[in-house]
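**Student:** Let me begin by handing over the structure; questions about it come next.
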Amino acid sequence: MEAWTICKSVHKDIPPSQWELSIYQQNCFQRHDIPPFATDATTAPGTALFQHWIRDDTYQNETSPSSSAPSWDPWNDFPNENIMKLYPDISDDDAARDYYTLWYTTTVVAPNNNYDRRGHLTLHGVNYQPIVYFDGEMLRPYTIYSEDNDANDNHDSGGMFLRRHYDLGLSKLQQSVSSSALEILVLPPPFVGRPCKEACTTSDCQGGDHNIAKSGAIMQCTAGWDWISPTPDRNTGIWDEVEIEWTLSDVKLHDVWVKTSNIVVESDGDYDETSKTTLPLGDDVTVSALIDLAVTATYHGPSKDPIDGSYSYWITPYSSHLPPSPEQLESSALASGTIYNVTIDQCDADFHLGKIRLPKAKLWWPHTHGSQPLYLLQVVFRSSDNTYESRVNTSFGVRTVSSEIGAASKSFTLKINGHPIFLAGGNWITSDQFLRFSNSRQRYFNELMLMANAGFNSIRIWGGGITKTRQFYEVADEVGMLIYQEFWMTGDNNGRFAGEYDWPTDHVSYILNVRDVIRKLRNHPSLAFFGGGNELYPIDLSPPRDIDEQIRRYIRTYDGSRPYVSSSVTEVGDSFDPLDNLAPKDGPYGILKEEDFFDRNPGFTSPLLSVDELAHNVSIYDIKNKRAPGRNIGFQAEIGSVSHPELESLKRFLSSDALKSFPGCGVTSCFQVDQAWNYLKWLPFTEGVSGVDRICQLQYPPINNLIIDTRMDSIEDYSWAAQFVQYDQYNALVQGYSHRVFEWHSAFYIWKTSSPSPTLRGSLYDWYLATNGGYWGTRAGLSGPVRLNFNRLDWTLQVVNTLPTAFVGTTIRWTAYTLNGTRVAGDVIPVQAQLIAKLPWIQIEQEFMPELQNILLYRIEVGYKDERDSTIHSTRNDFYLTDPSIGSHSQSRYALLGAYRKVMQRVRLEVTCTAEADSMDIACKVDHLQKETIAIMARFTLVLDPSMPDESDNRILPSFYSQNYITLLPGESSNVSINATKEQKETWTCLPDGYVGVGTRKRGGFFLMVSVDGYNVAQQTVLISCIDLLATT
């Protein structure tokens, strides 16, 4: 396809190619840009608002509604509040609706060869309804479902997640016409709702006025939520791939299906038939898999006569690069076959290729349990006279998926290859509010690697968000992330809290979108289970019964393996059914005391009480069955806390004036906060019960009584305190939910781990992919399959093994230090039981500032060996603790840390960094040679030369660190490895002076460097030395 031309919808019933020239010139513009994140020619052109951005950025003239807009990059920047105000909301009036109703036009070039080929157009994602013209004629989509063949009307009824298939006919080379116009008018959703336009309000703004839910198969949060501003065009437009395939055939193949029906272990060439349900771990394990193969074919020829032919298939190891050539197929195939005497007629046919045995296969596991081998299935149809040929392929993994109700947790428990998997996950909306990264494999790889490196093994695609694209699921397959995919309903808008239970208004359209999603995602091993929606209740009304029943039928028919639950959360009580719903309750979403995370139901009573019971003052002691599934949270679908980006990101979000207006101590209401902070959905760092401001606990001189006009001394102090609080908060959160794996909890999902927009609420890394203190606290708490948890509630140490394999030789070492690095106590403990020991608080006099509450650094380490080898593994956690007898409610609890930052001289670390010339992998060694104090939260950041005149953010994002925000004792050394994306590293080079640089500049300027700073660490940047391994050997 050629570049896209975008036209206003001055005519909705006539395609632009048929307009008068003057009208066309006034209302159309051609895009000459190439998106930097495009992966291939099928990349989506983008939403309507995005088209206006590109036009305005390109033309900046007086006819543009944003001619006075500041300069910004619509591809790579996020629009600030001032830019967003320049564009109307689609709900404003009919003119605004027309403003976002656009024609997407392009030229389709037919294949340049001697054969007539039939073109097939697939629109993988359009919001909400496309009207397609090809060569001046309107096209209707055709169905790929045999059950639809009896339907008389095959029109498109709308939906954001429905694939549309169109027959473009034969190429016109014989008529000397090599190209044709493809023109697509995209109509917005029928119900767009009215958003809350005030950033700070007491109104319920989950989905605006909630009418967005009437449209059904749509991303509900596009109308705004308490963590995101509304999207003006409601993401109207072509947001997913536009694919054109030319086949040497009147037959088109679709949706090849690979369904694993039986897996047995191979042992010395034999099958161990006893290992059908629980399969062994280990990357050296080989299995024999019995798989069902099926494919769908559609016939588009002019003749009503059927076509006879054959199907051939090959299964080979998968590569993310080009699929094997026909010559390579035969030599590399693990299994292959041909089915003869196949007949295809004008009714599309689902053809069962048969059950085959795939030998010597490797099992697919989540990355926390093993590797992720993938396979490629290619299917070819050839007519008997060899004049027709059509191909289709898919990747897949060999694994089983099932679920059970945990015997102890009494909650939904996912099983992969027969083993219960403790799900440590994050909630995901989408990568970008405006869907600009929909088809970017690189963006998805970056984000999923950040998730995996933090220790997460699962992602929940929230029901108010989006169904992810092919590229997302391909990356999830390769990374080893388990996906819990919900459909597009929320209790906020579908009856429970607001809206109506029978929404959406068009049930048929909704379930057609559901059916197509099930079919297009079913081969991905990363897709673990489906959910009907978010917080739907009561279950006899929400989801609507007909929709829920159809979802179950389609999963049985088109998937046949994955679990399904109707709702993430219903209601507390004895009637709760864990077979149909995940939890009776979710939340909370703000600051908790760290020790609270080790309660049975963090932030709530134990056992839980229903809303009605709380209203009638029912006591927990009145509950008869305290261990009933509906009385405790075993599967936590949403648990959230505070969020604050690094200061460098905050400077990209906020103006210098807004930065100076950071919130004061004890502020809890958005009405007391600067509007610019509210636009980013600011959330207070105060505990709900005690009212303690956690950021201002680090203030020095100490704050004993919160007064509204007291503040941290600077935005730098505020930001570093926020990083410390987040680190501690999320470390306690993940350890609290992990400390009784499968006894109390089978899963937890943080709300949220990422955000589609810059935000001050719910993210461990920001829109620019920069991590924060919460991310590194999470990583410390989830590091390794064997974790050492420190229970903040009773100060006990506990070893948690998340794998179904034994570890031996486990020992615990704990040591307590003063903040100047003096060792005051410690012990080494061999592990004899799950609960090992209780840590003592070491009562010593604090000499530096005796009037302040004392703080000790407790370093806790665990060492262990896998029973299958002799490798010694170890993990470590550092905790800054205060006297537990005083409690955590003191407003001046961490004032001593504030004094070390403001009174003591900053620690200067000795840092050297090198990079291998061939791989450009960076290794840094850091030494703490000073004796006065501990280095607190030392942060490493990969940057461009900070001496460059441009004052913009010079961080290399994303970057991947082996550790960060680390604590170093006086005299201690540590190592930090740093990596970046392949695309980034391809621009790096070894300069003649021996340092790593970016680009081709020869000397003295454009260096790649590592910045080191920290809570009490002096900022410095160091050059990266190049090491040529060949020259040194």
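So you can find residues: chains in the structure tokens are A, B, ... in the order shown, residues in each start at 1, and ligands are numbered from 1 in order.
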Near Gly590 in chain A, within 7 Å and counting only C-alpha atoms, which residues show up once chain neighbours fewer than 6 positions away are dropped, as a list of chain:residue names?
**Tutor:** A:Gly640, A:Ser641, A:Val642
**Student:** So that I have them on file, write out the residues from the current selection with C-alpha atoms, as a tab-separated table (two decimals), in the first residue's frame.
**Tutor:**
```tsv
chain	number	residue	atom	x	y	z
A	640	GLY	CA	-2.93	-0.69	44.41
A	641	SER	CA	-0.89	1.99	46.06
A	642	VAL	CA	0.79	5.30	45.33
```
**Student:** Would you mind listing, for every residue of range 205-268 of chain A within 9 Å of range 497-518 of chain A, the two atoms forming the shortest contact and the distance between them in Å to one decimal, using only C-alpha atoms, sorted by chain and ascending residue number, as a Markdown table?
**Tutor:**
```
| residue | atom | partner | partner_atom | distance |
| --- | --- | --- | --- | --- |
| A:Asp209 | CA | A:Gly499 | CA | 8.4 |
| A:His210 | CA | A:Gly499 | CA | 5.7 |
| A:Asn211 | CA | A:Gly499 | CA | 6.9 |
| A:Ile212 | CA | A:Pro504 | CA | 8.9 |
| A:Ala213 | CA | A:Pro504 | CA | 5.9 |
| A:Lys214 | CA | A:Pro504 | CA | 4.1 |
| A:Ser215 | CA | A:Pro504 | CA | 5.7 |
| A:Gly216 | CA | A:Pro504 | CA | 4.6 |
| A:Ala217 | CA | A:Tyr510 | CA | 5.5 |
```
**Student:** Set out as CSV a contact list for range 82-132 of chain A and range 192-206 of chain A with a cut-off of 9 Å, giving each residue of range 82-132 of chain A that qualifies its closest atom pair and distance in Å to one decimal, counting only C-alpha atoms, ordered by chain and rising residue number.
**Tutor:**
```
residue,atom,partner,partner_atom,distance
A:Asp89,CA,A:Arg194,CA,8.6
A:Ile90,CA,A:Val192,CA,7.3
A:Ser91,CA,A:Arg194,CA,5.8
A:Asp92,CA,A:Arg194,CA,8.1
```
**Student:** Determine the nearest neighbour of Val1022 in chain A from the options A:Leu290, A:Leu683, A:Thr989, A:Phe940, counting only C-alpha atoms.
**Tutor:** A:Phe940
**Student:** From a DSSP pass on the backbone, collect the residues of range 58-243 of chain A flagged as helix (DSSP H, G or I) and hand them back as an MDAnalysis selection string.
**Tutor:** chainID A and resid 58:59 81:84 94:99 146:148 173:175 211:215 220:223
**Student:** Next, the residues of the selection above should be written as an mmCIF file, in the first residue's frame with N, CA, C and O atoms.
**Tutor:**
```cif
data_model
loop_
_atom_site.group_PDB
_atom_site.id
_atom_site.type_symbol
_atom_site.label_atom_id
_atom_site.label_comp_id
_atom_site.auth_asym_id
_atom_site.auth_seq_id
_atom_site.Cartn_x
_atom_site.Cartn_y
_atom_site.Cartn_z
ATOM 1 N N THR A 58 2.164 19.120 10.565
ATOM 2 C CA THR A 58 2.750 19.273 9.228
ATOM 3 C C THR A 58 2.459 20.645 8.637
ATOM 4 O O THR A 58 3.338 21.309 8.092
ATOM 5 N N TYR A 59 1.226 21.084 8.795
ATOM 6 C CA TYR A 59 0.808 22.282 8.066
ATOM 7 C C TYR A 59 0.762 23.546 8.928
ATOM 8 O O TYR A 59 0.947 24.636 8.417
ATOM 9 N N GLU A 81 -1.618 19.132 28.642
ATOM 10 C CA GLU A 81 -2.993 19.606 28.819
ATOM 11 C C GLU A 81 -3.323 20.737 27.858
ATOM 12 O O GLU A 81 -4.431 20.800 27.311
ATOM 13 N N ASN A 82 -2.376 21.637 27.615
ATOM 14 C CA ASN A 82 -2.636 22.766 26.729
ATOM 15 C C ASN A 82 -2.905 22.313 25.298
ATOM 16 O O ASN A 82 -3.765 22.875 24.603
ATOM 17 N N ILE A 83 -2.173 21.308 24.841
ATOM 18 C CA ILE A 83 -2.408 20.783 23.499
ATOM 19 C C ILE A 83 -3.777 20.114 23.434
ATOM 20 O O ILE A 83 -4.548 20.317 22.478
ATOM 21 N N MET A 84 -4.107 19.332 24.442
ATOM 22 C CA MET A 84 -5.373 18.611 24.422
ATOM 23 C C MET A 84 -6.574 19.563 24.415
ATOM 24 O O MET A 84 -7.626 19.252 23.836
ATOM 25 N N ASP A 94 -22.641 17.834 16.908
ATOM 26 C CA ASP A 94 -22.532 17.082 15.662
ATOM 27 C C ASP A 94 -21.272 17.460 14.890
ATOM 28 O O ASP A 94 -20.671 16.624 14.199
ATOM 29 N N ALA A 95 -20.877 18.723 14.978
ATOM 30 C CA ALA A 95 -19.671 19.158 14.274
ATOM 31 C C ALA A 95 -18.439 18.438 14.818
ATOM 32 O O ALA A 95 -17.530 18.053 14.053
ATOM 33 N N ALA A 96 -18.389 18.248 16.122
ATOM 34 C CA ALA A 96 -17.262 17.530 16.719
ATOM 35 C C ALA A 96 -17.271 16.068 16.289
ATOM 36 O O ALA A 96 -16.212 15.474 16.042
ATOM 37 N N ARG A 97 -18.461 15.488 16.197
ATOM 38 C CA ARG A 97 -18.543 14.101 15.735
ATOM 39 C C ARG A 97 -18.057 13.990 14.286
ATOM 40 O O ARG A 97 -17.324 13.065 13.940
ATOM 41 N N ASP A 98 -18.452 14.951 13.463
ATOM 42 C CA ASP A 98 -17.979 14.945 12.078
ATOM 43 C C ASP A 98 -16.476 15.193 12.007
ATOM 44 O O ASP A 98 -15.798 14.672 11.113
ATOM 45 N N TYR A 99 -15.956 15.975 12.923
ATOM 46 C CA TYR A 99 -14.514 16.279 12.951
ATOM 47 C C TYR A 99 -13.691 15.002 13.092
ATOM 48 O O TYR A 99 -12.586 14.888 12.533
ATOM 49 N N SER A 146 -18.753 -20.788 9.480
ATOM 50 C CA SER A 146 -19.735 -21.625 8.794
ATOM 51 C C SER A 146 -21.120 -21.464 9.399
ATOM 52 O O SER A 146 -22.127 -21.615 8.698
ATOM 53 N N GLU A 147 -21.207 -21.145 10.674
ATOM 54 C CA GLU A 147 -22.514 -20.989 11.311
ATOM 55 C C GLU A 147 -23.253 -19.759 10.802
ATOM 56 O O GLU A 147 -24.456 -19.621 11.025
ATOM 57 N N ASP A 148 -22.542 -18.844 10.117
ATOM 58 C CA ASP A 148 -23.183 -17.646 9.579
ATOM 59 C C ASP A 148 -23.688 -17.827 8.159
ATOM 60 O O ASP A 148 -24.277 -16.911 7.593
ATOM 61 N N LEU A 173 -4.126 -6.586 -13.956
ATOM 62 C CA LEU A 173 -2.961 -6.409 -14.803
ATOM 63 C C LEU A 173 -3.306 -6.602 -16.276
ATOM 64 O O LEU A 173 -2.737 -5.947 -17.149
ATOM 65 N N GLN A 174 -4.251 -7.492 -16.547
ATOM 66 C CA GLN A 174 -4.583 -7.744 -17.950
ATOM 67 C C GLN A 174 -5.276 -6.537 -18.582
ATOM 68 O O GLN A 174 -5.269 -6.377 -19.798
ATOM 69 N N GLN A 175 -5.853 -5.674 -17.747
ATOM 70 C CA GLN A 175 -6.463 -4.454 -18.263
ATOM 71 C C GLN A 175 -5.498 -3.266 -18.159
ATOM 72 O O GLN A 175 -5.907 -2.117 -18.277
ATOM 73 N N ASN A 211 -22.450 6.266 29.544
ATOM 74 C CA ASN A 211 -23.135 5.841 28.327
ATOM 75 C C ASN A 211 -22.206 5.186 27.314
ATOM 76 O O ASN A 211 -22.681 4.551 26.362
ATOM 77 N N ILE A 212 -20.907 5.327 27.502
ATOM 78 C CA ILE A 212 -19.960 4.660 26.605
ATOM 79 C C ILE A 212 -20.205 3.157 26.580
ATOM 80 O O ILE A 212 -19.978 2.483 25.568
ATOM 81 N N ALA A 213 -20.709 2.605 27.691
ATOM 82 C CA ALA A 213 -20.938 1.157 27.784
ATOM 83 C C ALA A 213 -22.056 0.690 26.856
ATOM 84 O O ALA A 213 -22.138 -0.502 26.546
ATOM 85 N N LYS A 214 -22.917 1.577 26.414
ATOM 86 C CA LYS A 214 -23.961 1.188 25.472
ATOM 87 C C LYS A 214 -23.371 0.663 24.162
ATOM 88 O O LYS A 214 -23.980 -0.173 23.491
ATOM 89 N N SER A 215 -22.194 1.183 23.791
ATOM 90 C CA SER A 215 -21.582 0.787 22.524
ATOM 91 C C SER A 215 -20.997 -0.615 22.570
ATOM 92 O O SER A 215 -20.726 -1.201 21.524
ATOM 93 N N GLN A 220 -13.838 1.161 27.399
ATOM 94 C CA GLN A 220 -14.673 2.072 28.174
ATOM 95 C C GLN A 220 -13.889 3.243 28.762
ATOM 96 O O GLN A 220 -14.422 4.347 28.884
ATOM 97 N N CYS A 221 -12.645 3.029 29.116
ATOM 98 C CA CYS A 221 -11.889 4.102 29.771
ATOM 99 C C CYS A 221 -11.551 5.230 28.807
ATOM 100 O O CYS A 221 -11.018 6.259 29.225
ATOM 101 N N THR A 222 -11.867 5.075 27.525
ATOM 102 C CA THR A 222 -11.637 6.156 26.576
ATOM 103 C C THR A 222 -12.489 7.380 26.900
ATOM 104 O O THR A 222 -12.211 8.484 26.444
ATOM 105 N N ALA A 223 -13.546 7.196 27.699
ATOM 106 C CA ALA A 223 -14.360 8.325 28.150
ATOM 107 C C ALA A 223 -13.845 8.921 29.449
ATOM 108 O O ALA A 223 -14.476 9.818 30.012
#
```
**Student:** Would you mind reading off the distance between CA of Pro130 in chain A and CA of Met219 in chain A, one decimal, in Å?
**Tutor:** 17.2 Å
**Student:** Compile the contact shell of Asp255 in chain A as a list in words: residues with an atom at most 8 Å away, counting only C-alpha atoms, same-chain residues fewer than 2 positions apart removed.
**Tutor:**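 Counting only the stated atoms, we get Leu253, Trp257, Val295, Thr296, Val392, Arg519 and Lys520 of chain A.
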**Student:** Just the selected residues (all heavy atoms), exported as a PDB file, in the first residue's frame, please.
**Tutor:**
```pdb
ATOM      1  N   LEU A 253      -7.348 -19.166   2.990  1.00  0.00           N
ATOM      2  CA  LEU A 253      -7.284 -19.887   4.259  1.00  0.00           C
ATOM      3  C   LEU A 253      -7.238 -18.899   5.416  1.00  0.00           C
ATOM      4  O   LEU A 253      -6.604 -17.835   5.327  1.00  0.00           O
ATOM      5  CB  LEU A 253      -6.056 -20.792   4.303  1.00  0.00           C
ATOM      6  CG  LEU A 253      -5.953 -21.860   3.221  1.00  0.00           C
ATOM      7  CD1 LEU A 253      -4.759 -22.783   3.496  1.00  0.00           C
ATOM      8  CD2 LEU A 253      -7.231 -22.684   3.110  1.00  0.00           C
ATOM      9  N   TRP A 257      -5.963 -23.749  13.411  1.00  0.00           N
ATOM     10  CA  TRP A 257      -6.158 -23.999  14.848  1.00  0.00           C
ATOM     11  C   TRP A 257      -5.289 -25.171  15.277  1.00  0.00           C
ATOM     12  O   TRP A 257      -5.291 -26.233  14.647  1.00  0.00           O
ATOM     13  CB  TRP A 257      -7.635 -24.306  15.112  1.00  0.00           C
ATOM     14  CG  TRP A 257      -8.011 -24.455  16.551  1.00  0.00           C
ATOM     15  CD1 TRP A 257      -7.268 -24.183  17.656  1.00  0.00           C
ATOM     16  CD2 TRP A 257      -9.271 -24.925  17.045  1.00  0.00           C
ATOM     17  NE1 TRP A 257      -7.965 -24.429  18.799  1.00  0.00           N
ATOM     18  CE2 TRP A 257      -9.202 -24.884  18.459  1.00  0.00           C
ATOM     19  CE3 TRP A 257     -10.440 -25.369  16.433  1.00  0.00           C
ATOM     20  CZ2 TRP A 257     -10.263 -25.297  19.262  1.00  0.00           C
ATOM     21  CZ3 TRP A 257     -11.492 -25.755  17.235  1.00  0.00           C
ATOM     22  CH2 TRP A 257     -11.414 -25.720  18.629  1.00  0.00           C
ATOM     23  N   VAL A 295      -8.430 -25.957  10.005  1.00  0.00           N
ATOM     24  CA  VAL A 295      -8.257 -24.726   9.252  1.00  0.00           C
ATOM     25  C   VAL A 295      -9.600 -24.343   8.652  1.00  0.00           C
ATOM     26  O   VAL A 295     -10.464 -25.198   8.413  1.00  0.00           O
ATOM     27  CB  VAL A 295      -7.179 -24.897   8.150  1.00  0.00           C
ATOM     28  CG1 VAL A 295      -7.660 -25.859   7.063  1.00  0.00           C
ATOM     29  CG2 VAL A 295      -6.772 -23.562   7.564  1.00  0.00           C
ATOM     30  N   THR A 296      -9.783 -23.063   8.411  1.00  0.00           N
ATOM     31  CA  THR A 296     -11.000 -22.556   7.769  1.00  0.00           C
ATOM     32  C   THR A 296     -10.647 -22.060   6.381  1.00  0.00           C
ATOM     33  O   THR A 296      -9.627 -21.393   6.185  1.00  0.00           O
ATOM     34  CB  THR A 296     -11.607 -21.412   8.591  1.00  0.00           C
ATOM     35  OG1 THR A 296     -12.014 -21.922   9.861  1.00  0.00           O
ATOM     36  CG2 THR A 296     -12.815 -20.818   7.884  1.00  0.00           C
ATOM     37  N   VAL A 392      -1.498 -20.434   4.954  1.00  0.00           N
ATOM     38  CA  VAL A 392      -1.729 -19.780   6.235  1.00  0.00           C
ATOM     39  C   VAL A 392      -0.791 -20.412   7.248  1.00  0.00           C
ATOM     40  O   VAL A 392      -0.389 -21.579   7.100  1.00  0.00           O
ATOM     41  CB  VAL A 392      -3.210 -19.937   6.685  1.00  0.00           C
ATOM     42  CG1 VAL A 392      -3.535 -21.383   7.036  1.00  0.00           C
ATOM     43  CG2 VAL A 392      -3.528 -19.013   7.852  1.00  0.00           C
ATOM     44  N   ARG A 519     -11.271 -16.688  18.589  1.00  0.00           N
ATOM     45  CA  ARG A 519     -10.640 -17.418  17.486  1.00  0.00           C
ATOM     46  C   ARG A 519      -9.252 -16.886  17.157  1.00  0.00           C
ATOM     47  O   ARG A 519      -8.328 -17.655  16.902  1.00  0.00           O
ATOM     48  CB  ARG A 519     -11.529 -17.374  16.242  1.00  0.00           C
ATOM     49  CG  ARG A 519     -12.506 -18.539  16.216  1.00  0.00           C
ATOM     50  CD  ARG A 519     -13.273 -18.676  14.934  1.00  0.00           C
ATOM     51  NE  ARG A 519     -12.461 -18.743  13.722  1.00  0.00           N
ATOM     52  CZ  ARG A 519     -12.831 -19.431  12.640  1.00  0.00           C
ATOM     53  NH1 ARG A 519     -13.954 -20.122  12.652  1.00  0.00           N
ATOM     54  NH2 ARG A 519     -12.092 -19.418  11.567  1.00  0.00           N
ATOM     55  N   LYS A 520      -9.086 -15.592  17.157  1.00  0.00           N
ATOM     56  CA  LYS A 520      -7.806 -15.058  16.700  1.00  0.00           C
ATOM     57  C   LYS A 520      -6.702 -15.189  17.762  1.00  0.00           C
ATOM     58  O   LYS A 520      -5.526 -15.157  17.422  1.00  0.00           O
ATOM     59  CB  LYS A 520      -7.941 -13.607  16.247  1.00  0.00           C
ATOM     60  CG  LYS A 520      -8.137 -12.585  17.345  1.00  0.00           C
ATOM     61  CD  LYS A 520      -8.284 -11.187  16.719  1.00  0.00           C
ATOM     62  CE  LYS A 520      -8.524 -10.117  17.768  1.00  0.00           C
ATOM     63  NZ  LYS A 520      -8.711  -8.777  17.166  1.00  0.00           N
TER      64      LYS A 520
END
```
**Student:** Which residue gives the smallest distance to Ile459 in chain A among A:Tyr133, A:Tyr537, A:Trp103, A:Phe472, with only C-alpha atoms counted?
**Tutor:**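 Residue with the minimum atom-to-atom distance to Ile459 in chain A: A:Phe472.
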**Student:** For each of A:Arg556, A:Glu910, A:Ser661, A:Ile184, take the minimum atom-to-atom distance to Lys12 in chain A, counting only C-alpha atoms, then give the residue where this is smallest.
**Tutor:**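 Smallest distance to Lys12 in chain A is found for A:Ile184.
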**Student:** Between A:Gln30, A:Gln697, A:Thr871, A:Asn427, which is the closest to Trp751 in chain A once you count only C-alpha atoms?
**Tutor:** A:Asn427
**Student:** Which residues are near Gly634 in chain A? Cut-off 8 Å, only C-alpha atoms, ignore same chain within fewer than 3 positions. Put them as a ChimeraX atom specification.
**Tutor:** /A:409-412,583,629,744-747
**Student:** Determine, counting only C-alpha atoms, which protein, DNA and RNA residues have an atom within 12 Å of an atom of Arg859 in chain A; residues of the same chain fewer than 6 positions away are not included. Present the result as a PyMOL selection string.
**Tutor:** chain A and resi 788-790+797+812-818+821+823-828+839+875-881+966-969
**Student:** Could you dump the residues just selected with C-alpha atoms as a CSV table (one decimal), in the first residue's frame?
**Tutor:**
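Done, and the output landed in part.csv:
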```csv
chain,number,residue,atom,x,y,z
A,788,LEU,CA,13.0,-14.6,51.8
A,789,ASN,CA,10.0,-12.7,53.1
A,790,PHE,CA,10.2,-10.5,56.1
A,797,LEU,CA,11.5,-14.5,58.5
A,812,ILE,CA,19.5,-17.3,56.2
A,813,ARG,CA,21.8,-14.5,57.1
A,814,TRP,CA,20.6,-11.3,58.7
A,815,THR,CA,22.6,-8.3,59.9
A,816,ALA,CA,21.6,-5.0,61.4
A,817,TYR,CA,23.6,-1.8,60.8
A,818,THR,CA,23.4,1.8,62.0
A,821,GLY,CA,27.4,1.4,58.6
A,823,ARG,CA,27.3,-3.6,62.4
A,824,VAL,CA,25.3,-4.0,65.6
A,825,ALA,CA,23.9,-7.5,65.4
A,826,GLY,CA,23.4,-10.5,63.1
A,827,ASP,CA,23.1,-14.3,62.8
A,828,VAL,CA,23.2,-17.2,60.3
A,839,LEU,CA,14.1,-10.8,64.1
A,875,THR,CA,18.9,-13.2,47.0
A,876,ARG,CA,19.0,-10.1,49.3
A,877,ASN,CA,16.7,-7.5,50.7
A,878,ASP,CA,17.5,-4.3,52.6
A,879,PHE,CA,15.0,-2.8,55.0
A,880,TYR,CA,15.2,0.5,56.8
A,881,LEU,CA,13.4,-0.3,60.1
A,966,ILE,CA,20.7,-0.1,45.8
A,967,THR,CA,22.1,0.3,49.3
A,968,LEU,CA,25.9,0.1,49.8
A,969,LEU,CA,27.7,-0.1,53.1
```
**Student:** Show which residues sit within 9 Å of Ser738 in chain A, as a PDB file with C-alpha atoms, in the first residue's frame. Count only C-alpha atoms, and ignore same-chain residues fewer than 2 positions away.
**Tutor:**
```
ATOM      1  CA  PHE A 422       1.258 -18.572  41.786  1.00  0.00           C
ATOM      2  CA  ALA A 424       2.233 -12.374  40.512  1.00  0.00           C
ATOM      3  CA  LEU A 733       2.892  -5.446  49.168  1.00  0.00           C
ATOM      4  CA  VAL A 734       4.437  -8.202  47.051  1.00  0.00           C
ATOM      5  CA  GLN A 735       5.996  -9.901  50.062  1.00  0.00           C
ATOM      6  CA  GLY A 736       2.742  -9.751  51.989  1.00  0.00           C
ATOM      7  CA  ARG A 740       1.531 -17.688  52.333  1.00  0.00           C
ATOM      8  CA  VAL A 741       1.551 -18.899  48.750  1.00  0.00           C
ATOM      9  CA  PHE A 742      -1.471 -21.122  47.995  1.00  0.00           C
ATOM     10  CA  TRP A 744      -3.935 -17.607  51.691  1.00  0.00           C
ATOM     11  CA  HIS A 745      -3.468 -16.419  48.116  1.00  0.00           C
ATOM     12  CA  SER A 746      -3.263 -17.977  44.666  1.00  0.00           C
ATOM     13  CA  ALA A 747      -2.730 -14.712  42.783  1.00  0.00           C
ATOM     14  CA  PHE A 748      -2.365 -10.965  43.106  1.00  0.00           C
ATOM     15  CA  GLY A 781      10.386  -8.546  46.851  1.00  0.00           C
ATOM     16  CA  LEU A 782       9.838 -10.897  43.902  1.00  0.00           C
ATOM     17  CA  ARG A 787      12.247 -15.744  48.269  1.00  0.00           C
ATOM     18  CA  ASN A 789      10.011 -12.738  53.134  1.00  0.00           C
ATOM     19  CA  VAL A 800       8.868 -19.051  50.121  1.00  0.00           C
ATOM     20  CA  THR A 802       7.182 -20.760  44.319  1.00  0.00           C
TER      21      THR A 802
END
```
**Student:** Please identify the strand (DSSP E or B) residues within range 552-735 of chain A (assignment by DSSP from backbone atoms) and present them as a count of residues only.
**Tutor:** 17
**Student:** Between CA of Asp308 in chain A and CA of Val342 in chain A, what is the distance in Å, rounded to a tenth?
**Tutor:**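 About the pair CA of Asp308 in chain A and CA of Val342 in chain A: they are 5.6 Å apart.
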**Student:** Using only C-alpha atoms, which residues sit within 8 Å of Gly997 in chain A once same-chain residues fewer than 2 positions away are excluded, as an MDAnalysis selection string?
**Tutor:** chainID A and resid 988:991 995 999:1001 1006:1008
**Student:** Find the residue from A:Thr686, A:Ser1025, A:Ser885, A:Thr105 that sits nearest to Ala917 in chain A; use only C-alpha atoms when measuring.
**Tutor:** A:Ser1025
**Student:** Kindly give the distance, in Å, that separates CA of Asn801 in chain A and CA of Pro588 in chain A, rounded to a single decimal.
**Tutor:**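 Distance between the two atoms: 26.8 Å.
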